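Visitor: Can you read through this structure? Questions will come right after.
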Amino acid sequence: MPLLEPTVLYCDNHLLALDKPAGMPIQADASGDLDLHSWAKVWIGKQFRKPGAVFCGIVHRLDRPARGVVVLARTSKAAARLSRQFAERTAHKVYEAVVLAEVASDTGDCVDWLATGEGSTRVVAASHPDAQRAELTWQVADRAVGRTLLQIALRTGRKHQIRAQWAHRGHPLLGDLRYGAPAPLPDRSIALWARELTLSHPTRPETLTFASTPPPGWPWHLEARLAPR
């Protein structure tokens with residue numbers, strides 16, 4: 001499946017908000033595939049006719065196989081202030097995810113300790129030397145046979161947090177082979193959508209909310225797109 005380009009949601013002198021397509025890494029990696037950071041620098045250079053080096057700071061991340069809102073900083077001041085919002089948990093992220101099996105409750109919290117190694121994240125005891133506390137709150141948005149659509153608000157931002165915490169509860173995300181899903185989606189995406197991000201503007205007393213468009217097939221006919229095993 002050809003890689004789609006990001007959609008620009010918002011841009012000013014201090015930040016750039018993008019809708020990242022599934023399959024695009026945030027920054028350059030060993031795959032050599034086009035990454036969001038490099039794409040954004042080229043876009044800024046063309047848009048504002050900047051012939052030299054372009055500043056573009058990464059202030060948070062989104063897993064490669066997921067789609068949704070990502071904000072980048074256009075100045076070092078904005079980078080520091082936006083990074084602080086994510087570190088201090090004042091930026092508010094809302095996700096949707098389709099998980100396997102039907103979740104019995106309608107709402108709840110997930111609180112675990114996570115450790116990351118060899119590219120994956122797992123739930124561990126609080127006494128583990130690499131343990132990091134991970135918290136999210138969730139509610140059921142809809143149900144189908146063998147599937148549940150969840151709306152999730154992160155309280156912490158650990159690597160693969162949503163994927164690991166729900167897999168630990170026996171509900172891996174649709175298409176997420178790394179965390180126990182039985183079959184992939186044809187485009188190798190996972191059913192995780194960073195739907196909305198709300199934060200404070202880095203230089204003005206203003207709250208900004210950026211919203212992504214749903215991935216193709218969201219949420220229920222994703223199942224019809226399951227690749228053969």
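Ordering of the structure tokens sets the chain letters (A, B, ...), residue numbers begin anew at 1 in every chain, and ligands are numbered from 1 in the order given.
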Neighbouring residues of region 85-94 of chain A were defined as those with any atom within 8 Å, considering only C-alpha atoms; residues of the same chain fewer than 5 positions away were excluded. Please report them as a PyMOL selection string.

Guide: chain A and resi 59-60+151-157+194-200

Visitor: To test your reading of the structure, identify every residue in region 84-176 of chain A that backbone DSSP assigns to alpha helix (DSSP H), and report it as a ChimeraX atom specification.

Guide: /A:84-87,161-168

Visitor: With region 42-52 of chain A as the partner and 12 Å as the cut-off, tabulate the residues of region 63-153 of chain A that qualify, each row holding the nearest pair of atoms and their distance in Å to one decimal, using only C-alpha atoms, sorted by chain and rising number, as a tab-separated table.

Guide:
```
residue	atom	partner	partner_atom	distance
A:Leu72	CA	A:Ile44	CA	11.2
A:Ala73	CA	A:Ile44	CA	11.3
A:Arg74	CA	A:Ile44	CA	8.9
```

Visitor: With C-alpha atoms kept, could you save the residues just selected as a PDB file, in the first residue's frame?

Guide:
```
ATOM      1  CA  LEU A  72       5.933  19.700  16.010  1.00  0.00           C
ATOM      2  CA  ALA A  73       7.678  22.856  17.249  1.00  0.00           C
ATOM      3  CA  ARG A  74       8.913  25.503  14.829  1.00  0.00           C
TER       4      ARG A  74
END
```

Visitor: Any chance you could list, as an MDAnalysis selection string, the residues in region 19-213 of chain A that come up strand (DSSP E) when DSSP is run on the backbone?

Guide: chainID A and resid 19:20 57:58 67:73 92:100 107:117 120:124 132:144 147:154 192:200 207:211

Visitor: In Å, with one decimal, what is the gap from CA of Thr75 (chain A) to CA of Leu15 (chain A)?

Guide: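 We find that CA of Thr75 (chain A) and CA of Leu15 (chain A) lie 7.6 Å from each other.
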
Visitor: As an exercise, work out the distance from CA of Ser76 (chain A) to CA of Asp29 (chain A) in Å and give it to one decimal place.

Guide: 23.1 Å

Visitor: My list of candidates is A:Glu96, A:Asp19, A:Asp176, A:Glu102. Which is closest to Thr213 (chain A) when distances are computed with only C-alpha atoms?

Guide: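 Using only C-alpha atoms, Thr213 (chain A) sits closest to A:Asp19.
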
Visitor: Mind checking which residues fall within 7 Å of region 64-71 of chain A, counting only C-alpha atoms, ignoring those fewer than 4 positions away in the same chain, and posting them as a list of chain:residue names?

Guide: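 Using only C-alpha atoms, the neighbours found are A:Leu15, A:Leu16, A:Ala17, A:Leu18, A:Asp19, A:Lys20, A:Pro21, A:Ala22, A:Gly23, A:Met24, A:Pro25, A:Ile26, A:Arg188, A:Ser189, A:Ile190, A:Leu192, A:Trp193, A:Ala194, A:Arg195, A:Glu196, A:Leu197, A:Phe210, A:Ala211, A:Ser212.
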
Visitor: How many Å separate CA of His168 (chain A) from CA of Gly180 (chain A)?

Guide: 9.5 Å

Visitor: Neighbours of His37 (chain A) within 8 Å (only C-alpha atoms; same-chain residues fewer than 6 positions away dropped), as JSON, numbers by chain?

Guide: {"A": [26, 27, 28, 56, 58]}

Visitor: Would you output that residue set with N, CA and C atoms, as a PDB file, in the first residue's frame?

Guide:
```pdb
ATOM      1  N   ILE A  26       7.827   8.649  13.035  1.00  0.00           N
ATOM      2  CA  ILE A  26       7.953  10.041  13.455  1.00  0.00           C
ATOM      3  C   ILE A  26       9.276  10.638  12.987  1.00  0.00           C
ATOM      4  N   GLN A  27      10.366   9.868  13.109  1.00  0.00           N
ATOM      5  CA  GLN A  27      11.662  10.357  12.654  1.00  0.00           C
ATOM      6  C   GLN A  27      12.388   9.251  11.911  1.00  0.00           C
ATOM      7  N   ALA A  28      13.469   9.602  11.256  1.00  0.00           N
ATOM      8  CA  ALA A  28      14.200   8.657  10.413  1.00  0.00           C
ATOM      9  C   ALA A  28      14.636   7.438  11.217  1.00  0.00           C
ATOM     10  N   CYS A  56      12.785  22.237  13.291  1.00  0.00           N
ATOM     11  CA  CYS A  56      11.524  21.517  13.504  1.00  0.00           C
ATOM     12  C   CYS A  56      11.763  20.535  14.648  1.00  0.00           C
ATOM     13  N   ILE A  58      10.767  17.753  17.602  1.00  0.00           N
ATOM     14  CA  ILE A  58       9.847  16.693  18.002  1.00  0.00           C
ATOM     15  C   ILE A  58       9.582  16.829  19.499  1.00  0.00           C
TER      16      ILE A  58
END
```

Visitor: If you count only C-alpha atoms, which residues fall within 8 Å of Pro202 (chain A), apart from same-chain ones fewer than 6 positions away, as a count of residues only?

Guide: 5
